[in-house]
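Structure, as structure tokens:
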Amino acid sequence: MHYENLFKHIEQKVQLTSTEREQIASFFRFKKLRKRQFLLQEEEVCKDFTFISQGLLKSYSLDERGNENINLFGWEGWWIADFQSFLFQTPATLAIEAIEDCELLLLSRVNYDQMLDEVPVMERYFRLVYEKSLATKDQRLVYAQTYSAEEKYLHLMETYPELVKRIPQSLLASFLGLTPETFSRIKHKKK
């Protein structure tokens with residue numbers, strides 16, 4: 001049951017046999033996370049690459065004043081990790097926390113490597129996931145550097161209208177690099 005969202009996501013990019021499905025499932029472990037629980041805290045080593053089967057998480061770093069700087073949101077069908085920490089097994093610079101109750105599938109570094117060796121179609125799948133992720137990060141950097149506050153707000157509302165309803169306004173403001181006051185002003189102006 002927990003694996004259906006994972007297989008659905010994978011099969012949007014590559015085809016799987018029933019044997020491959022069984023192999024893939026054997027590499028993951030299931031975890032539930034309650035709202036406000038941490039999947040990862042800064043300075044811990046990110047031991048798992050996590051597929052979000054159900055729920056919503058935020059990835060962020062803290063500035064010198066203790067303010068959260070949201071790096072990304074992850075929801076159903078997304079992968080989340082401090083990827084540098086996961087790949088190199090170094091202390092994390094990001095924290096990952098549940099915004100909603102979550103059902104997660106965790107893939108350890110050892111199992112990740114073994115799965116790529118034993119299920120070759122997953123190499124292609126992850127290449128396609130990484131390509132999309134890199135393009136999205138590049139685009140987000142362009143938005144952050146060139147879009148006005150209002151343009152950032154409008155883009156977010158147009159791109160993720162359903163998701164925006166699930167995320168507190170203060171977190172959306174942080175994600176866009178705006179103060180909560182600026183976000184609120186733009187929101188009311190656009191109504």
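Identifiers in this document derive from the order of the structure tokens: chains are assigned A, B, ..., residues are numbered from 1 separately in each chain, and ligands are numbered from 1 in order of occurrence.
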
Can you pull out every residue within 9 Å of segment 167-171 of chain A, counting only C-alpha atoms, but drop anything in the same chain fewer than 5 positions away, and send it as an MDAnalysis selection string? chainID A and resid 56 58 68:70 99 176 179:180 183:184

For segment 34-60 of chain A against segment 16-30 of chain A, with a cut-off of 12 Å and counting only C-alpha atoms, what is the closest atom pair and its distance in Å to one decimal for every residue that makes the cut, ordered by chain and number, as JSON lines?
{"residue": "A:Asp48", "atom": "CA", "partner": "A:Phe28", "partner_atom": "CA", "distance": 9.6}
{"residue": "A:Phe49", "atom": "CA", "partner": "A:Phe28", "partner_atom": "CA", "distance": 9.7}
{"residue": "A:Thr50", "atom": "CA", "partner": "A:Phe28", "partner_atom": "CA", "distance": 9.1}
{"residue": "A:Phe51", "atom": "CA", "partner": "A:Phe28", "partner_atom": "CA", "distance": 9.4}
{"residue": "A:Ile52", "atom": "CA", "partner": "A:Phe30", "partner_atom": "CA", "distance": 10.2}
{"residue": "A:Ser53", "atom": "CA", "partner": "A:Phe30", "partner_atom": "CA", "distance": 9.6}
{"residue": "A:Gln54", "atom": "CA", "partner": "A:Phe30", "partner_atom": "CA", "distance": 11.4}

Selection from above, N, CA and C atoms, as a JSON list (two decimals), in the first residue's frame, can you write it?
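Here's the written file selection.json:
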[["chain", "number", "residue", "atom", "x", "y", "z"],
["A", 48, "ASP", "N", 19.26, 9.20, 4.86],
["A", 48, "ASP", "CA", 18.26, 8.67, 3.94],
["A", 48, "ASP", "C", 17.86, 9.69, 2.87],
["A", 49, "PHE", "N", 17.61, 9.17, 1.69],
["A", 49, "PHE", "CA", 16.96, 9.90, 0.61],
["A", 49, "PHE", "C", 15.50, 9.49, 0.75],
["A", 50, "THR", "N", 14.60, 10.45, 0.93],
["A", 50, "THR", "CA", 13.24, 10.16, 1.35],
["A", 50, "THR", "C", 12.22, 10.49, 0.27],
["A", 51, "PHE", "N", 11.37, 9.52, -0.01],
["A", 51, "PHE", "CA", 10.24, 9.72, -0.92],
["A", 51, "PHE", "C", 9.02, 10.02, -0.06],
["A", 52, "ILE", "N", 8.30, 11.07, -0.42],
["A", 52, "ILE", "CA", 7.11, 11.48, 0.34],
["A", 52, "ILE", "C", 5.89, 10.81, -0.29],
["A", 53, "SER", "N", 5.35, 9.84, 0.41],
["A", 53, "SER", "CA", 4.16, 9.13, -0.06],
["A", 53, "SER", "C", 2.90, 9.91, 0.29],
["A", 54, "GLN", "N", 2.91, 10.54, 1.46],
["A", 54, "GLN", "CA", 1.77, 11.33, 1.91],
["A", 54, "GLN", "C", 2.29, 12.42, 2.83]]

Would you mind telling me which residue in A:Glu97, A:Asp117, A:Glu123, A:Glu11 lies nearest to Asp82 of chain A when using only C-alpha atoms?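 Of A:Glu97, A:Asp117, A:Glu123, A:Glu11, the one nearest Asp82 of chain A, counting only C-alpha atoms, is A:Glu97.
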
Would you mind telling me which residue in A:Phe86, A:Tyr60, A:Phe175, A:Tyr3 lies nearest to Leu141 of chain A when using only C-alpha atoms? A:Phe175

Taking the chain letters and numbering used in this document, name the residues of segment 54-184 of chain A that DSSP puts in helix (DSSP H, G or I), as JSON, numbers by chain. {"A": [83, 84, 85, 86, 87, 88, 109, 110, 111, 112, 113, 114, 115, 116, 117, 118, 121, 122, 123, 124, 125, 126, 127, 128, 129, 130, 131, 132, 133, 134, 135, 136, 137, 138, 139, 140, 141, 142, 143, 144, 145, 146, 149, 150, 151, 152, 153, 154, 155, 156, 157, 158, 159, 161, 162, 163, 164, 169, 170, 171, 172, 173, 174, 175, 176, 180, 181, 182, 183, 184]}

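A straight line drawn from atom CA of Arg166 of chain A to atom CA of Lys35 of chain A is 12.6 Å long.
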
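From atom CA of Ile80 of chain A back to atom CA of Ala95 of chain A, the distance works out to 10.8 Å.
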
I'd like to know which residues of segment 3-73 of chain A are strand (DSSP E or B) (by DSSP, run on the backbone); could you write them as an MDAnalysis selection string? chainID A and resid 28:33 38:40 45 48:54 56:62 68:73

Compare A:Cys102, A:Glu118, A:Leu172, A:Gln145 by their minimum atom-to-atom distance to Phe38 of chain A, counting only C-alpha atoms, and give me the closest one. A:Cys102

Which residue of A:Ile10, A:Ala135, A:Ile96, A:Leu87 approaches Tyr112 of chain A most closely, using only C-alpha atoms: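 Smallest separation from Tyr112 of chain A among the options: A:Leu87.
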
Using only C-alpha atoms for the distances, tell me which of A:Val45, A:Leu104, A:Leu163, A:Ala173 is nearest to Ser85 of chain A. A:Val45

At a cut-off of 8 Å, using only C-alpha atoms, what residues contact Asn5 of chain A? Leave out same-chain residues fewer than 2 positions from it and give the result as a VMD selection string. chain A and resid 2 to 3 7 to 9 53 76 to 77

Give me the residues near Gln84 of chain A as a compact mmCIF listing (two decimals) with C-alpha atoms, in the first residue's frame, where near means some atom within 10 Å (using only C-alpha atoms) and where sequence neighbours in that chain fewer than 3 positions away do not count.
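What ended up in result28.txt:
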# COMPACT_ATOMS: atom_id res chain seq x y z
CA VAL A 45 24.25 13.31 8.86
CA CYS A 46 21.46 12.77 6.32
CA ALA A 81 17.08 15.17 1.62
CA LEU A 87 25.94 11.78 -0.81
CA PHE A 88 29.05 12.55 1.20
CA GLN A 89 27.78 11.55 4.66
CA THR A 90 28.79 14.92 6.10
CA PRO A 91 26.86 17.05 8.64
CA ALA A 92 23.67 18.54 7.21
CA THR A 93 23.32 22.26 6.63
CA LEU A 94 19.54 21.92 6.25

Closest pair table for segment 11-73 of chain A residues within 10 Å of segment 124-129 of chain A, only C-alpha atoms, as a Markdown table:
| residue | atom | partner | partner_atom | distance |
| --- | --- | --- | --- | --- |
| A:Glu11 | CA | A:Tyr125 | CA | 8.7 |
| A:Gln12 | CA | A:Tyr125 | CA | 9.2 |
| A:Lys13 | CA | A:Tyr125 | CA | 6.1 |
| A:Val14 | CA | A:Tyr125 | CA | 6.1 |
| A:Gln15 | CA | A:Tyr125 | CA | 9.3 |

Just write the chosen residues, all heavy atoms, as a PDB file, in the first residue's frame.
ATOM      1  N   GLU A  11       6.911   5.135 -12.525  1.00  0.00           N
ATOM      2  CA  GLU A  11       6.390   4.710 -13.824  1.00  0.00           C
ATOM      3  C   GLU A  11       5.909   5.866 -14.694  1.00  0.00           C
ATOM      4  O   GLU A  11       5.544   5.648 -15.849  1.00  0.00           O
ATOM      5  CB  GLU A  11       5.324   3.636 -13.627  1.00  0.00           C
ATOM      6  CG  GLU A  11       5.982   2.344 -13.136  1.00  0.00           C
ATOM      7  CD  GLU A  11       5.032   1.201 -12.869  1.00  0.00           C
ATOM      8  OE1 GLU A  11       3.840   1.434 -12.574  1.00  0.00           O
ATOM      9  OE2 GLU A  11       5.495   0.054 -12.958  1.00  0.00           O
ATOM     10  N   GLN A  12       5.955   7.084 -14.175  1.00  0.00           N
ATOM     11  CA  GLN A  12       5.749   8.252 -15.037  1.00  0.00           C
ATOM     12  C   GLN A  12       7.002   8.516 -15.866  1.00  0.00           C
ATOM     13  O   GLN A  12       6.951   9.224 -16.862  1.00  0.00           O
ATOM     14  CB  GLN A  12       5.424   9.490 -14.193  1.00  0.00           C
ATOM     15  CG  GLN A  12       4.059   9.463 -13.576  1.00  0.00           C
ATOM     16  CD  GLN A  12       3.827  10.621 -12.616  1.00  0.00           C
ATOM     17  OE1 GLN A  12       4.734  11.355 -12.254  1.00  0.00           O
ATOM     18  NE2 GLN A  12       2.589  10.782 -12.189  1.00  0.00           N
ATOM     19  N   LYS A  13       8.122   7.927 -15.445  1.00  0.00           N
ATOM     20  CA  LYS A  13       9.397   8.169 -16.114  1.00  0.00           C
ATOM     21  C   LYS A  13       9.974   6.924 -16.782  1.00  0.00           C
ATOM     22  O   LYS A  13      10.599   7.024 -17.821  1.00  0.00           O
ATOM     23  CB  LYS A  13      10.400   8.743 -15.110  1.00  0.00           C
ATOM     24  CG  LYS A  13       9.941  10.080 -14.536  1.00  0.00           C
ATOM     25  CD  LYS A  13      10.902  10.627 -13.537  1.00  0.00           C
ATOM     26  CE  LYS A  13      10.512  11.921 -12.891  1.00  0.00           C
ATOM     27  NZ  LYS A  13       9.582  12.796 -13.541  1.00  0.00           N
ATOM     28  N   VAL A  14       9.794   5.770 -16.156  1.00  0.00           N
ATOM     29  CA  VAL A  14      10.334   4.514 -16.695  1.00  0.00           C
ATOM     30  C   VAL A  14       9.333   3.392 -16.433  1.00  0.00           C
ATOM     31  O   VAL A  14       8.490   3.504 -15.548  1.00  0.00           O
ATOM     32  CB  VAL A  14      11.702   4.144 -16.051  1.00  0.00           C
ATOM     33  CG1 VAL A  14      12.775   5.171 -16.386  1.00  0.00           C
ATOM     34  CG2 VAL A  14      11.580   3.939 -14.554  1.00  0.00           C
ATOM     35  N   GLN A  15       9.433   2.318 -17.199  1.00  0.00           N
ATOM     36  CA  GLN A  15       8.555   1.160 -17.005  1.00  0.00           C
ATOM     37  C   GLN A  15       9.220   0.158 -16.069  1.00  0.00           C
ATOM     38  O   GLN A  15      10.430  -0.060 -16.140  1.00  0.00           O
ATOM     39  CB  GLN A  15       8.256   0.494 -18.351  1.00  0.00           C
ATOM     40  CG  GLN A  15       7.404   1.354 -19.266  1.00  0.00           C
ATOM     41  CD  GLN A  15       6.093   1.753 -18.620  1.00  0.00           C
ATOM     42  OE1 GLN A  15       5.337   0.908 -18.152  1.00  0.00           O
ATOM     43  NE2 GLN A  15       5.827   3.055 -18.574  1.00  0.00           N
TER      44      GLN A  15
END
